[in-house]
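A.B. asks: Once you've had a glance at the structure underneath, I'll fire off some questions.
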Amino acid sequence: MDRSEAHKVRYGTHILASEADDWWLETRNRLEAASEVITWEVFNREFMRNYFSKDVCRKKEIEFLELKQRDLSVTEYPAKFVELAKYYPHYNEATAEFSKCIKFENGLCPDIKQAIGYQKIRKFVELVNCCRIYEEDSKPHYNIMNERRGKQHQNRGNPYNAPTDKG
């Protein structure tokens, strides 16, 4: 086992507390007795098996598949998306970025989806940032300021035309 794997396991198990720590001590002893090399993947498998039954994982997967932005902000929606995506086993490294972007985009509110969708952004971080900027720029305060600026420009008149009533 390489050193980074050992560090991951050591750090991951260090933050366990009370009941979870007791569980890990027992599990580690069982794995070592069976001469199994304890990698991060082994730890993760055992942890998920103990704390997230297949039934719970399936429910989380369904929750992910049905996830829509609805009344979540563009800050809350990607956080929930990423949280639930780990229960969706069908993303692989080669297609994950593209697929995540398509799924995320399809769950956006219609106005954001319409404004962002045509850009065909296929990097998840960039997509989230563009949505966040769009949402921020669409807030009422920003719109009021733009309307005020527009009215100021309309009332100025044309600076190159001389007044008609002066001789």
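So you can find residues: chains in the structure tokens are A, B, ... in the order shown, residues in each start at 1, and ligands are numbered from 1 in order.
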Considering only C-alpha atoms, return as number ranges by chain whatever protein or nucleic-acid residues lie within 6 Å of stretch 122-135 of chain A, sequence-local ones (same chain, fewer than 6 positions apart) excluded.
C.D. replies: A: 74, 98, 101
A.B. asks: Write out as a list of chain:residue names which residues come within 9 Å of A:Leu65 when counting only C-alpha atoms, dropping same-chain ones fewer than 2 positions away.
C.D. replies: A:Lys60, A:Glu61, A:Ile62, A:Glu63, A:Leu67, A:Lys68, A:Leu84, A:Ala85, A:Tyr88, A:Lys103
A.B. asks: Just give me the gap between atom CA of A:Leu16 and atom CA of A:Lys80 in Å, one decimal is fine.
C.D. replies: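 Taking atom CA of A:Leu16 and atom CA of A:Lys80, their separation equals 23.2 Å.
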A.B. asks: Smallest atom-to-atom distance to A:Asn50: which of A:Asp137, A:Asp111, A:Glu105, A:Glu19, using only C-alpha atoms?
C.D. replies: A:Glu19
A.B. asks: Just checking: using only C-alpha atoms, which residue out of A:Leu25, A:Val56, A:Val42, A:Ala34 ends up closest to A:Tyr87?
C.D. replies: A:Val56
A.B. asks: In terms of the shortest atom-to-atom distance over only C-alpha atoms, which of A:Lys86, A:Phe43, A:Gln119, A:Lys8 is closest to A:Trp24?
C.D. replies: A:Phe43
A.B. asks: Out of stretch 22-142 of chain A, which residues get helix (DSSP H, G or I) from DSSP, as a ChimeraX atom specification?
C.D. replies: /A:22-33,40-51,54-65,76-85,96-107,110-117,124-137,140-142
A.B. asks: Grab the atom CA of A:Pro78 to atom CA of A:Tyr51 distance for me, in Å with one decimal place.
C.D. replies: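 Pair atom CA of A:Pro78 / atom CA of A:Tyr51 returns 24.1 Å.
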A.B. asks: What does the structure give for the distance between atom CA of A:Arg45 and atom CA of A:Phe104, in Å to one decimal?
C.D. replies: 26.9 Å
A.B. asks: Return the single residue from A:Lys54, A:Ser138, A:Arg10, A:Ile38 that is closest to A:Ala115, with distances computed using only C-alpha atoms.
C.D. replies: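 Nearest candidate to A:Ala115 out of A:Lys54, A:Ser138, A:Arg10, A:Ile38: A:Ser138.
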A.B. asks: Write out as a list of chain:residue names each polymer residue whose atoms come within 10 Å of A:Thr27, counting only C-alpha atoms; drop sequence neighbours fewer than 3 positions from it.
C.D. replies: A:Asp21, A:Asp22, A:Trp23, A:Trp24, A:Arg30, A:Leu31, A:Glu32, A:Ala33, A:Phe43, A:Glu46, A:Phe47, A:Asn50
A.B. asks: Rank nothing, just name the residue among A:Glu26, A:Glu83, A:Glu76, A:Glu5 nearest to A:Trp40, using only C-alpha atoms.
C.D. replies: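 The closest residue to A:Trp40 is A:Glu5.
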